[in-house]
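Engineer: My structure is in target.pdb, and what it holds is PDB, C-alpha atoms and all ligand atoms:
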```pdb
ATOM      1  CA  MET A   1       1.867 126.255 144.433
ATOM      2  CA  THR A   2       5.455 126.815 145.280
ATOM      3  CA  ARG A   3       8.075 129.225 144.269
ATOM      4  CA  GLY A   4      10.920 127.800 142.272
ATOM      5  CA  ILE A   5      13.818 129.457 140.613
ATOM      6  CA  THR A   6      13.235 128.017 137.174
ATOM      7  CA  SER A   7       9.558 128.742 137.400
ATOM      8  CA  LEU A   8       7.982 131.566 139.282
ATOM      9  CA  VAL A   9       5.006 129.447 140.176
ATOM     10  CA  THR A  10       4.358 125.755 139.989
ATOM     11  CA  THR A  11       0.820 124.541 140.375
ATOM     12  CA  SER A  12       0.203 121.150 141.960
ATOM     13  CA  ASP A  13      -1.246 119.724 138.764
ATOM     14  CA  GLY A  14       2.184 120.051 137.219
ATOM     15  CA  GLU A  15       1.733 123.239 135.280
ATOM     16  CA  LYS A  16       4.627 125.643 135.494
ATOM     17  CA  ILE A  17       4.245 129.311 134.917
ATOM     18  CA  ALA A  18       7.484 130.753 133.701
ATOM     19  CA  ASN A  19       9.290 133.802 134.897
ATOM     20  CA  PRO A  20       8.764 136.754 132.603
ATOM     21  CA  LYS A  21      11.338 136.651 129.824
ATOM     22  CA  ASN A  22      11.330 140.299 128.807
ATOM     23  CA  PHE A  23      13.220 141.160 131.990
ATOM     24  CA  LYS A  24      16.362 139.698 130.523
ATOM     25  CA  LYS A  25      16.194 142.253 127.716
ATOM     26  CA  LEU A  26      15.469 145.108 130.095
ATOM     27  CA  TYR A  27      18.332 144.149 132.384
ATOM     28  CA  LYS A  28      20.690 144.086 129.426
ATOM     29  CA  LYS A  29      19.543 147.573 128.471
ATOM     30  CA  LEU A  30      20.036 148.674 132.050
ATOM     31  CA  ARG A  31      23.562 147.315 132.116
ATOM     32  CA  LEU A  32      24.457 149.163 128.926
ATOM     33  CA  ALA A  33      22.909 152.389 130.187
ATOM     34  CA  HIS A  34      24.883 152.135 133.400
ATOM     35  CA  LYS A  35      28.055 151.566 131.452
ATOM     36  CA  SER A  36      27.371 154.607 129.292
ATOM     37  CA  LEU A  37      26.648 156.683 132.389
ATOM     38  CA  SER A  38      29.939 155.703 133.987
ATOM     39  CA  ARG A  39      31.835 157.070 130.984
ATOM     40  CA  LYS A  40      30.288 160.553 131.198
ATOM     41  CA  THR A  41      31.759 163.464 133.113
ATOM     42  CA  LYS A  42      29.769 164.121 136.245
ATOM     43  CA  GLY A  43      27.612 167.225 136.023
ATOM     44  CA  SER A  44      27.830 167.481 132.240
ATOM     45  CA  ASN A  45      24.779 167.606 129.969
ATOM     46  CA  ASN A  46      25.547 164.154 128.632
ATOM     47  CA  TYR A  47      25.808 162.843 132.162
ATOM     48  CA  GLN A  48      22.333 164.163 132.954
ATOM     49  CA  LYS A  49      20.946 162.584 129.798
ATOM     50  CA  ALA A  50      22.509 159.228 130.585
ATOM     51  CA  ARG A  51      21.246 159.395 134.142
ATOM     52  CA  LEU A  52      17.718 160.018 132.904
ATOM     53  CA  LYS A  53      17.982 157.032 130.625
ATOM     54  CA  VAL A  54      18.963 154.754 133.496
ATOM     55  CA  ALA A  55      16.041 156.057 135.548
ATOM     56  CA  ARG A  56      13.623 155.415 132.674
ATOM     57  CA  ILE A  57      14.748 151.809 132.319
ATOM     58  CA  TYR A  58      14.358 151.268 136.057
ATOM     59  CA  ALA A  59      10.817 152.610 135.844
ATOM     60  CA  LYS A  60      10.060 150.338 132.924
ATOM     61  CA  ILE A  61      11.301 147.279 134.812
ATOM     62  CA  LYS A  62       9.097 148.212 137.750
ATOM     63  CA  ASP A  63       6.057 148.622 135.499
ATOM     64  CA  SER A  64       6.541 145.350 133.630
ATOM     65  CA  ARG A  65       7.044 143.510 136.867
ATOM     66  CA  LEU A  66       3.819 144.824 138.339
ATOM     67  CA  ASP A  67       1.926 144.205 135.130
ATOM     68  CA  TYR A  68       3.134 140.621 134.975
ATOM     69  CA  THR A  69       2.312 139.983 138.634
ATOM     70  CA  HIS A  70      -1.209 141.307 138.134
ATOM     71  CA  LYS A  71      -1.864 139.083 135.145
ATOM     72  CA  LEU A  72      -0.496 136.071 136.969
ATOM     73  CA  THR A  73      -2.403 136.578 140.222
ATOM     74  CA  THR A  74      -5.678 137.204 138.397
ATOM     75  CA  GLN A  75      -5.196 134.020 136.387
ATOM     76  CA  LEU A  76      -4.352 131.971 139.488
ATOM     77  CA  ILE A  77      -7.307 133.306 141.467
ATOM     78  CA  ARG A  78      -9.760 132.831 138.608
ATOM     79  CA  GLU A  79      -8.704 129.271 137.922
ATOM     80  CA  ASN A  80      -8.391 127.997 141.493
ATOM     81  CA  GLN A  81     -10.794 127.770 144.411
ATOM     82  CA  MET A  82      -7.994 127.450 146.912
ATOM     83  CA  ILE A  83      -4.439 128.705 146.679
ATOM     84  CA  VAL A  84      -1.676 127.679 149.020
ATOM     85  CA  VAL A  85       1.473 129.748 149.223
ATOM     86  CA  GLU A  86       4.705 128.922 150.923
ATOM     87  CA  ASP A  87       6.541 131.387 153.053
ATOM     88  CA  LEU A  88      10.190 130.948 152.093
ATOM     89  CA  ALA A  89      13.312 132.333 153.625
ATOM     90  CA  VAL A  90      13.799 134.931 150.925
ATOM     91  CA  LYS A  91      16.562 136.651 152.838
ATOM     92  CA  ASN A  92      18.802 133.614 152.773
ATOM     93  CA  MET A  93      18.127 132.866 149.154
ATOM     94  CA  VAL A  94      18.825 136.396 148.001
ATOM     95  CA  LYS A  95      22.343 136.129 149.401
ATOM     96  CA  ASN A  96      23.051 133.797 146.516
ATOM     97  CA  HIS A  97      23.710 136.235 143.669
ATOM     98  CA  LYS A  98      22.733 133.851 140.925
ATOM     99  CA  LEU A  99      19.299 133.566 142.439
ATOM    100  CA  ALA A 100      18.887 137.146 143.539
ATOM    101  CA  ARG A 101      17.502 138.471 140.259
ATOM    102  CA  ALA A 102      15.099 135.622 139.710
ATOM    103  CA  ILE A 103      13.684 136.101 143.154
ATOM    104  CA  SER A 104      13.437 139.845 143.247
ATOM    105  CA  GLY A 105      12.150 139.669 139.667
ATOM    106  CA  ALA A 106       9.521 137.255 140.776
ATOM    107  CA  ASN A 107       8.558 139.825 143.369
ATOM    108  CA  TRP A 108       7.133 137.323 145.776
ATOM    109  CA  ALA A 109       5.897 139.699 148.476
ATOM    110  CA  GLU A 110       3.888 141.681 145.943
ATOM    111  CA  LEU A 111       2.531 138.502 144.440
ATOM    112  CA  VAL A 112       1.279 137.296 147.822
ATOM    113  CA  ARG A 113      -0.211 140.701 148.589
ATOM    114  CA  GLN A 114      -2.169 140.646 145.335
ATOM    115  CA  LEU A 115      -3.323 137.094 145.940
ATOM    116  CA  GLU A 116      -4.624 138.173 149.331
ATOM    117  CA  TYR A 117      -6.912 140.908 148.107
ATOM    118  CA  LYS A 118      -7.935 139.154 144.922
ATOM    119  CA  ALA A 119      -8.859 136.078 146.945
ATOM    120  CA  GLU A 120     -11.195 138.342 148.866
ATOM    121  CA  TRP A 121     -12.687 139.825 145.691
ATOM    122  CA  TYR A 122     -13.352 136.479 144.106
ATOM    123  CA  GLY A 123     -14.258 134.592 147.280
ATOM    124  CA  ARG A 124     -11.287 132.240 147.118
ATOM    125  CA  GLU A 125      -9.364 130.729 149.938
ATOM    126  CA  LEU A 126      -5.709 131.607 150.446
ATOM    127  CA  VAL A 127      -3.669 129.455 152.804
ATOM    128  CA  LYS A 128      -0.090 130.124 153.874
ATOM    129  CA  ILE A 129       2.260 127.377 154.857
ATOM    130  CA  ASP A 130       5.019 127.825 157.391
ATOM    131  CA  ARG A 131       8.464 128.322 155.916
ATOM    132  CA  TYR A 132       9.894 125.472 157.978
ATOM    133  CA  PHE A 133       7.578 122.954 156.422
ATOM    134  CA  PRO A 134       9.895 120.650 154.396
ATOM    135  CA  SER A 135       8.006 121.010 151.130
ATOM    136  CA  SER A 136      10.942 120.334 148.801
ATOM    137  CA  LYS A 137      12.694 117.587 150.717
ATOM    138  CA  ARG A 138       9.560 115.589 151.431
ATOM    139  CA  CYS A 139       8.531 112.823 149.036
ATOM    140  CA  SER A 140       4.921 113.544 148.122
ATOM    141  CA  ASN A 141       4.333 109.860 147.517
ATOM    142  CA  CYS A 142       5.525 108.186 150.758
ATOM    143  CA  GLY A 143       6.347 111.103 153.075
ATOM    144  CA  HIS A 144      10.038 110.289 153.371
ATOM    145  CA  ILE A 145      12.163 113.369 154.003
ATOM    146  CA  VAL A 146      15.607 113.469 152.414
ATOM    147  CA  GLU A 147      18.370 115.136 154.374
ATOM    148  CA  LYS A 148      19.673 117.427 151.686
ATOM    149  CA  LEU A 149      18.349 118.731 148.394
ATOM    150  CA  PRO A 150      20.603 121.476 146.996
ATOM    151  CA  LEU A 151      18.857 124.149 144.940
ATOM    152  CA  ASP A 152      20.478 123.079 141.698
ATOM    153  CA  ILE A 153      18.870 119.641 141.897
ATOM    154  CA  ARG A 154      15.749 120.033 139.807
ATOM    155  CA  GLU A 155      14.734 116.364 139.704
ATOM    156  CA  TRP A 156      15.313 113.579 142.195
ATOM    157  CA  ASP A 157      14.399 110.001 143.138
ATOM    158  CA  CYS A 158      13.033 109.060 146.540
ATOM    159  CA  PRO A 159      15.396 106.545 148.217
ATOM    160  CA  GLU A 160      12.422 104.968 150.022
ATOM    161  CA  CYS A 161       9.786 104.416 147.350
ATOM    162  CA  ASN A 162      11.816 105.180 144.192
ATOM    163  CA  SER A 163       9.349 107.800 142.990
ATOM    164  CA  HIS A 164      10.844 110.200 140.482
ATOM    165  CA  HIS A 165      10.141 113.840 141.308
ATOM    166  CA  ASP A 166      10.292 117.161 139.601
ATOM    167  CA  ARG A 167      11.496 119.356 142.453
ATOM    168  CA  ASP A 168       8.897 122.113 142.027
ATOM    169  CA  ILE A 169       5.935 119.885 141.298
ATOM    170  CA  ASN A 170       6.728 117.604 144.244
ATOM    171  CA  ALA A 171       7.002 120.613 146.563
ATOM    172  CA  SER A 172       3.795 121.957 145.128
ATOM    173  CA  ILE A 173       1.885 118.751 145.899
ATOM    174  CA  ASN A 174       3.255 118.777 149.469
ATOM    175  CA  ILE A 175       2.218 122.382 149.932
ATOM    176  CA  LEU A 176      -1.259 121.686 148.633
ATOM    177  CA  THR A 177      -1.617 118.705 150.979
ATOM    178  CA  ALA A 178      -0.484 120.816 153.927
ATOM    179  CA  GLY A 179      -2.771 123.627 152.824
ATOM    180  CA  LEU A 180      -5.769 121.303 152.673
ATOM    181  CA  ALA A 181      -4.981 120.108 156.199
ATOM    182  CA  VAL A 182      -4.768 123.681 157.452
ATOM    183  CA  SER A 183      -7.994 124.511 155.665
ATOM    184  CA  VAL A 184      -9.849 121.582 157.239
ATOM    185  CA  CYS A 185      -8.639 122.644 160.685
ATOM    186  CA  GLY A 186      -9.987 126.104 159.972
ATOM    187  CA  ALA A 187      -6.696 127.894 160.493
ATOM    188  CA  THR A 188      -6.844 129.703 157.192
ATOM    189  CA  VAL A 189      -5.663 133.151 156.242
ATOM    190  CA  ARG A 190      -8.951 134.973 156.039
ATOM    191  CA  PRO A 191      -9.864 138.627 155.632
ATOM    192  CA  GLU A 192     -10.162 139.052 159.411
ATOM    193  CA  GLY A 193      -6.449 138.334 159.640
ATOM    194  CA  ARG A 194      -5.580 141.254 157.419
ATOM    195  CA  LYS A 195      -5.339 144.003 159.992
ATOM    196  CA  SER A 196      -2.636 142.401 162.033
ATOM    197  CA  ARG A 197      -0.601 141.531 158.982
ATOM    198  CA  ARG A 198      -0.776 145.092 157.753
ATOM    199  CA  ALA A 199       0.366 146.467 161.054
ATOM    200  CA  GLY A 200       3.246 144.035 160.957
ATOM    201  CA  ALA A 201       4.193 145.155 157.467
ATOM    202  CA  LYS A 202       4.390 148.765 158.604
ATOM    203  CA  LYS A 203       6.732 147.996 161.438
ATOM    204  CA  GLN A 204       9.127 146.354 159.049
ATOM    205  CA  LYS A 205       9.749 149.505 157.042
ATOM    206  CA  ALA A 206      12.776 150.394 159.086
ATOM    207  CA  SER A 207      14.578 147.157 158.364
ATOM    208  CA  ASN A 208      16.456 146.427 155.176
ATOM    209  CA  SER A 209      14.591 145.433 152.042
ATOM    210  CA  ASP A 210      15.629 141.788 152.081
ATOM    211  CA  ALA A 211      14.326 141.299 155.568
ATOM    212  CA  ARG A 212      11.175 143.152 154.667
ATOM    213  CA  GLU A 213      10.538 140.933 151.703
ATOM    214  CA  SER A 214      11.031 137.764 153.689
ATOM    215  CA  ARG A 215       8.811 138.874 156.497
ATOM    216  CA  ALA A 216       6.124 140.389 154.340
ATOM    217  CA  VAL A 217       5.214 136.937 153.140
ATOM    218  CA  SER A 218       5.232 135.431 156.604
TER     219      SER A 218
HETATM  220 ZN    ZN A 301       9.029 108.234 148.539
END
```
Before we go any further, please render this structure as structure tokens.
Structural biologist:
Amino acid sequence: MTRGITSLVTTSDGEKIANPKNFKKLYKKLRLAHKSLSRKTKGSNNYQKARLKVARIYAKIKDSRLDYTHKLTTQLIRENQMIVVEDLAVKNMVKNHKLARAISGANWAELVRQLEYKAEWYGRELVKIDRYFPSSKRCSNCGHIVEKLPLDIREWDCPECNSHHDRDINASINILTAGLAVSVCGATVRPEGRKSRRAGAKKQKASNSDARESRAVS
């Protein structure tokens, strides 16, 4: 599976699992609450009330996000024997404001964390693919790698073999292929690898949240 912007998760058999839609509504509410807060006099009763409202909406967004991630990871683990995840350069992508919400909303680091422990529970295999693996730019049919594939290009044709690709599904197939290769070589992410990853996660607390998110999935 791979992370796209239009879909949170794409499975290699072509199924896309959409980003949660209710966030749009919650973010609109949040925007309005912020606006209302900015009109109140600081320190007044109404200001306190408005501030509380903003805090409540934030909490609700956090809850829905976690709830959605749990449902999704359980479904993915139940339905698949092996799951391959790609470690993407989240930090760079978040710099693009249009994409920032989709990515932080998708909550990738948390998703990978849940997949890790649920894979253990259910006896599934979780494989991580290096972020420099050209999953998107590689044609899953002939292996040709195109030089550029801007993020807004959702579908493309391979100049070598003329295969037509859906960006996410093509990347997903490449990731699965790479994951299978890693799995055969035995270099999988297994429970015994957990300790070192946890220690690494702790060290990252001092750095900014973007960097933490990108490294937490590495
Ligand atoms: Zn091709």
Engineer: In Å to one decimal, how far is atom CA of A:Val182 from atom CA of A:Phe133?
Structural biologist: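 So the two atoms, atom CA of A:Phe133 and atom CA of A:Val182, lie 12.4 Å apart.
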Engineer: Between chain A and ligand ZN 301 (chain A), at 7 Å or less, what are the per-residue closest atom pairs and their distances in Å? Count all atoms listed in the file, order by chain and rising residue number, and return it as a tab-separated table.
Structural biologist:
```
residue	atom	partner	partner_atom	distance
A:Cys139	CA	A:ZN301	ZN	4.6
A:Ser140	CA	A:ZN301	ZN	6.7
A:Asn141	CA	A:ZN301	ZN	5.1
A:Cys142	CA	A:ZN301	ZN	4.1
A:Gly143	CA	A:ZN301	ZN	6.0
A:His144	CA	A:ZN301	ZN	5.3
A:Cys158	CA	A:ZN301	ZN	4.6
A:Pro159	CA	A:ZN301	ZN	6.6
A:Glu160	CA	A:ZN301	ZN	4.9
A:Cys161	CA	A:ZN301	ZN	4.1
A:Asn162	CA	A:ZN301	ZN	6.0
A:Ser163	CA	A:ZN301	ZN	5.6
```
Engineer: Just to confirm, what's the straight-line distance from atom CA of A:Ile57 to atom CA of A:Ala33 in Å (one decimal)?
Structural biologist: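 Pair atom CA of A:Ile57 / atom CA of A:Ala33 returns 8.5 Å.
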Engineer: Of the candidates A:His70, A:Arg154, A:His165, A:Arg78, which one gets nearest to A:Trp121 if we count all atoms listed in the file?
Structural biologist: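 When distances to A:Trp121 are compared using all atoms listed in the file, the smallest one comes from A:Arg78.
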Engineer: If we draw a sphere of 12 Å around (-3.2, 121.0, 155.6), which residues have at least one atom in it when counting only C-alpha atoms? Please report them as a compact mmCIF listing (two decimals) with C-alpha atoms, keeping the file's coordinate frame.
Structural biologist:
```
# COMPACT_ATOMS: atom_id res chain seq x y z
CA MET A 82 -7.99 127.45 146.91
CA ILE A 83 -4.44 128.71 146.68
CA VAL A 84 -1.68 127.68 149.02
CA VAL A 85 1.47 129.75 149.22
CA VAL A 127 -3.67 129.46 152.80
CA LYS A 128 -0.09 130.12 153.87
CA ILE A 129 2.26 127.38 154.86
CA ASP A 130 5.02 127.82 157.39
CA PHE A 133 7.58 122.95 156.42
CA ILE A 173 1.88 118.75 145.90
CA ASN A 174 3.26 118.78 149.47
CA ILE A 175 2.22 122.38 149.93
CA LEU A 176 -1.26 121.69 148.63
CA THR A 177 -1.62 118.70 150.98
CA ALA A 178 -0.48 120.82 153.93
CA GLY A 179 -2.77 123.63 152.82
CA LEU A 180 -5.77 121.30 152.67
CA ALA A 181 -4.98 120.11 156.20
CA VAL A 182 -4.77 123.68 157.45
CA SER A 183 -7.99 124.51 155.66
CA VAL A 184 -9.85 121.58 157.24
CA CYS A 185 -8.64 122.64 160.68
CA GLY A 186 -9.99 126.10 159.97
CA ALA A 187 -6.70 127.89 160.49
CA THR A 188 -6.84 129.70 157.19
```
Engineer: Residue by residue, what does the PyMOL selection byres (((chain A and resi 73) around 12) and not hetatm) grab here? Present the result as an MDAnalysis selection string.
Structural biologist: chainID A and resid 1 8:9 17 66:72 74:80 83 85 106:108 110:119 122 126
Engineer: If I take atom CA of A:Thr41 and atom CA of A:Lys60, how far is one from the other in Å, to one decimal?
Structural biologist: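 It comes out at 25.4 Å.
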Engineer: Please put the answer as lines of an AutoDock Vina configuration file: centre and edge lengths, in Å with one decimal, of a box along x, y and z that encloses all listed atoms of stretch 171-186 of chain A plus 4 Å on each side.
Structural biologist:
```
center_x = -1.5
center_y = 122.4
center_z = 152.9
size_x = 25.0
size_y = 15.4
size_z = 23.6
```
Engineer: Applied to this file, what does the PyMOL selection byres (((chain A and resi 47-50) around 12) and not hetatm) return in terms of residues, put as a PyMOL selection string?
Structural biologist: chain A and resi 30+32-46+51-57
Engineer: Counting all atoms listed in the file, which residue out of A:Gln81, A:Ser12, A:Asn170, A:Ser64 sits closest to A:Gly123?
Structural biologist: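 The shortest atom-to-atom distance to A:Gly123 comes from A:Gln81.
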